[in-house]
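J.: The structure that follows is given in the form of structure tokens.
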Amino acid sequence: MSLNAVISSFSTEDYTRFISFLSKKNKRTDVKNIQLFKLIYANELSSEEMCEALYSNGKKDAYHALRKRLYEALIEFLAALNLEEENSEKVAVIKYILVSRSFLQQQQYALGFKLLQKATKIAEEYQLYPYLNEIYHLRIQFSHENEKENLNELIEVFRRNKKQAALEEELNIVYAKVRAILHQISAKGEVVDFQKIVLKILHDQNIDINKTLSFKSLYQLLTIASISAFITKDYLEVESFMLDMYEFLKEKPNKEKERFYHIHVLYMIANTLFRTKQFEKSLSFLQLMDAEILKNKRKYERTFRLKYELLYTLNLNYMNNQNEAIERLEFILKKKHSDVVGTLDLHLSLVVFYFQKGAIKESYKLLSKLYHTDKWYLEKVGKEWVIKKSLIEILLLVELDNFDVFENRLSRFKRQYRTYIKEVGQERVLIFLKYVALYYDNPKEITSDKFFQTVENSFEWIGAKQEDIFVMSFYAWLKSKMVNKPIFEVTLDLIAQAQEL
């Protein structure tokens with residue numbers, strides 16, 4: 001990760017603490033590391049401009065040496081910070097275990113058991129399963145000296161803890177394997193039987209789901225479910241699973257250590273509810289997500305804010321609050337953001353909102369600002385995003401009646417993505433494009449009953465309730481031409497029909 005990316009992720013508290021750290025570290029008053037840190041954090045100047053601001057004669061060597069020293073100081077600061085934050089509970093538990101063992105071996109049983117109880121309470125609260133294993137081992141070993149211990153119950157708790165520790169380990173393995181598969185599908189464009197592989201992984205790892213999950217385990221499980229839905233485009237299939245799993249944990253005290261995973265879980269559920277067109281429920285989970293982001297002095301603000309804004313504005317748009325969604329996105333995109341993927345998602349959504357509104361020239365102008373090559377976007381955001389961008393461009397060119405560029409883009413799209421689209425079972429994209437071309441060649445024919453029936457029979461529908469909202473949105477454009485109504489009106493009508501089912 002680059003220096004800029006690390007610094008941009010800092011919370012307000014991290015910012016203040018790091019400046020204090022640098023001030024104590026600096027032995028001279030003319031050191032420019034604090035100035036450089038503040039400039040990078042502000043995220044308003046390019047690297048060249050920062051060099052000029054710090055060194056009037058533009059000393060690039062001095063500037064790069066300064067960046068290197070700042071990076072080294074940053075690593076030192078983060079290492080100390082992580083040791084302080086991550087190990088406080090673990091250190092306390094380890095101390096209690098070591099001292100209690102010493103007391104028990106010296107036959108100071110009352111003191112030994114008192115410390116073990118303290119260790120048990122902390123380790124259970126923070127789900128420190130390896131340490132709990134050692135605690136229960138000691139309590140069992142010396143249970144004959146403690147009348148308050150029920151040996152059979154203690155053995156049962158010990159075994160449950162071992163199972164939970166094993167579950168955490170196995171889920172971590174499953175999660176890693178599933179993410180590797182997603183990388184093959186999304187980044188490299190490789191096609192695999194995703195569901196078959198995931199089921200095999202879960203079976204091989206002997207996963208047993210129960211109510212003692214941590215937020216990290218839930219996050220890993222829901223990520224697996226989300227990836228499955230992403231590949232199959234059937235979010236309805238995983239929705240109830242996600243909500244049921246969250247019920248296990250929603251009453252659980254939300255520890256700071258698990259907040260990162262908790263926010264992820266809330267986002268995944270909100271996203272799934274949006275994709276199944278349950279906008280009010282999606283917003284309710286986004287409200288919970290926002291509340292968690294705001295805790296701990298906005299520690300996770302930069303990590304999650306753009307994800308939150310994307311989903312929030314998508315919900316607004318499809319709840320017929322399009323102008324509000326557009327205004328919000330425009331305001332957000334005026335600022336620079338370190339989250340490249342999040343920024344690109346917001347930009348493309350704004351293109352779509354203007355397109356659905358009928359502001360075609362404004363939409364195309366915004367799309368034109370995405371000037372990088374497809375290869376660059378493939379590396380940054382993956383094949384699905386690039387395909388969506390290309391489809392939007394093709395529709396915009398139809399609306400703008402730019403035949404030469406339209407023909408070029410359509411041919412290039414088929415050449416680059418036809419094989420991939422067929423292999424992932426999304427042939428209806430190619431069928432859709434066939435009718436887009438037919439409409440462009442003969443716009444009058446598209447309004448006939450015969451054409452309408454031909455279109456209806458050509459697509460393999462999975463049902464309006466199950467159908468992905470983005471797939472539905474593209475079809476809405478074609479249907480709007482057939483029924484001669486504004487695209488957004490048709491889009492909302494299709495969604496309303498799905499919601500009634």
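To be explicit about the labels: the chains of the structure tokens are called A, B, and onward in the order shown, and within each one the residues are counted from 1, while ligands get numbers from 1 in the order they are shown.
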Would you kindly return, as a PDB file with C-alpha atoms, in the first residue's frame, each protein, DNA or RNA residue with an atom no farther than 9 Å from any atom of A:Ala123, considering only C-alpha atoms and excluding same-chain residues fewer than 3 positions away?

T.:
ATOM      1  CA  GLU A  89      -6.800  -7.781  26.333  1.00  0.00           C
ATOM      2  CA  LYS A  90      -4.497 -10.585  25.223  1.00  0.00           C
ATOM      3  CA  VAL A  93      -5.213 -12.682  29.824  1.00  0.00           C
ATOM      4  CA  LYS A 118     -10.800 -12.909  35.575  1.00  0.00           C
ATOM      5  CA  ALA A 119      -8.942 -14.419  32.621  1.00  0.00           C
ATOM      6  CA  THR A 120     -12.026 -16.455  31.637  1.00  0.00           C
ATOM      7  CA  TYR A 126     -13.259 -11.041  23.273  1.00  0.00           C
ATOM      8  CA  GLN A 127     -13.583 -14.611  21.942  1.00  0.00           C
ATOM      9  CA  LEU A 128      -9.919 -15.453  22.484  1.00  0.00           C
ATOM     10  CA  TYR A 129     -10.390 -19.163  21.853  1.00  0.00           C
ATOM     11  CA  TYR A 131      -6.347 -18.603  25.438  1.00  0.00           C
ATOM     12  CA  LEU A 132      -9.663 -20.024  26.651  1.00  0.00           C
ATOM     13  CA  ILE A 135      -7.625 -21.478  30.866  1.00  0.00           C
TER      14      ILE A 135
END

J.: To one decimal place, how far is atom CA of A:Ile446 from atom CA of A:Lys485 in Å?

T.: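 Between these atoms lies a distance of 12.8 Å.
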
J.: What are the nearest atom pairs, with distances in Å to one decimal, for all residues of stretch 391-500 of chain A that come at most 9 Å from stretch 362-376 of chain A, using only C-alpha atoms, set out by chain and rising residue number as CSV?

T.:
residue,atom,partner,partner_atom,distance
A:Ile392,CA,A:Leu367,CA,8.8
A:Glu393,CA,A:Leu367,CA,7.5
A:Leu396,CA,A:Tyr364,CA,6.5
A:Leu397,CA,A:Tyr364,CA,8.4
A:Leu400,CA,A:Tyr364,CA,8.9

J.: Which residue is closest to A:Glu330? Choose from A:Tyr354, A:Phe274, A:Tyr435, A:Tyr15 and count only C-alpha atoms.

T.: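 Selected residue with least distance to A:Glu330: A:Tyr354.
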
J.: What lies within 12 Å of A:Leu111 using only C-alpha atoms, ignoring chain neighbours under 4 positions off, as a PyMOL selection string?

T.: chain A and resi 96-97+99-107+115-118+146

J.: Can you pull out the residues contacting A:Ser411? Cut-off 12 Å, using only C-alpha atoms, and skip same-chain residues under 2 positions away; I want them as an MDAnalysis selection string.

T.: chainID A and resid 390:391 394 404:409 413:418 430 433:434 437

J.: Using only C-alpha atoms, which of the listed residues (A:Gln426, A:Ser2, A:Tyr440, A:Ser240) sits closest to A:Asn402?

T.: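 The answer is A:Tyr440, which sits nearest to A:Asn402.
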
J.: Need the shell around A:Gln356: protein/DNA/RNA residues with any atom at most 10 Å away, counting only C-alpha atoms. Skip same-chain ones fewer than 6 positions apart. Format as a list of chain:residue names?

T.: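 Result of the neighbour search: A:Asn317, A:Gln322, A:Leu350, A:Ser363, A:Ser473, A:Phe474, A:Ala476, A:Trp477, A:Pro486, A:Ile487, A:Phe488, A:Glu489, A:Val490, A:Thr491.
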
J.: Between A:Lys216, A:His337, A:Lys481, A:Lys163, single out the one closest to A:Asn4, counting only C-alpha atoms.

T.: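 Closest to A:Asn4 of all the choices is A:His337.
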
J.: Skipping near chain neighbours, those fewer than 6 positions away, what residues fall within 10 Å of A:Tyr136 using only C-alpha atoms, listed as a VMD selection string?

T.: chain A and resid 116 120 142 to 143 154 to 155 157 to 159 161

J.: Fewer than 4 positions away in the same chain doesn't count, so skip those; otherwise give me all residues within 12 Å of A:Ile431, counting only C-alpha atoms, as a PyMOL selection string.

T.: chain A and resi 414+418+421-422+426-427+435-438+454-460+475+478

J.: How would you write, as an NGL selection string, the set of residues in stretch 226-456 of chain A that DSSP gives as alpha helix (DSSP H)?

T.: :A and (226-232 or 236-249 or 259-275 or 279-293 or 295-298 or 301-318 or 322-333 or 340-357 or 360-368 or 374-381 or 383-399 or 403-423 or 428-441 or 449-456)

J.: Between A:Ser448, A:Asn315, A:Ser338, A:Asn57, which residue has the minimum interatomic distance to A:Ile40, considering only C-alpha atoms?

T.: A:Ser338

J.: What is the distance between atom CA of A:Ala166 and atom CA of A:Gly112, in Å to one decimal?

T.: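 Computing it gives 28.0 Å between the two atoms.
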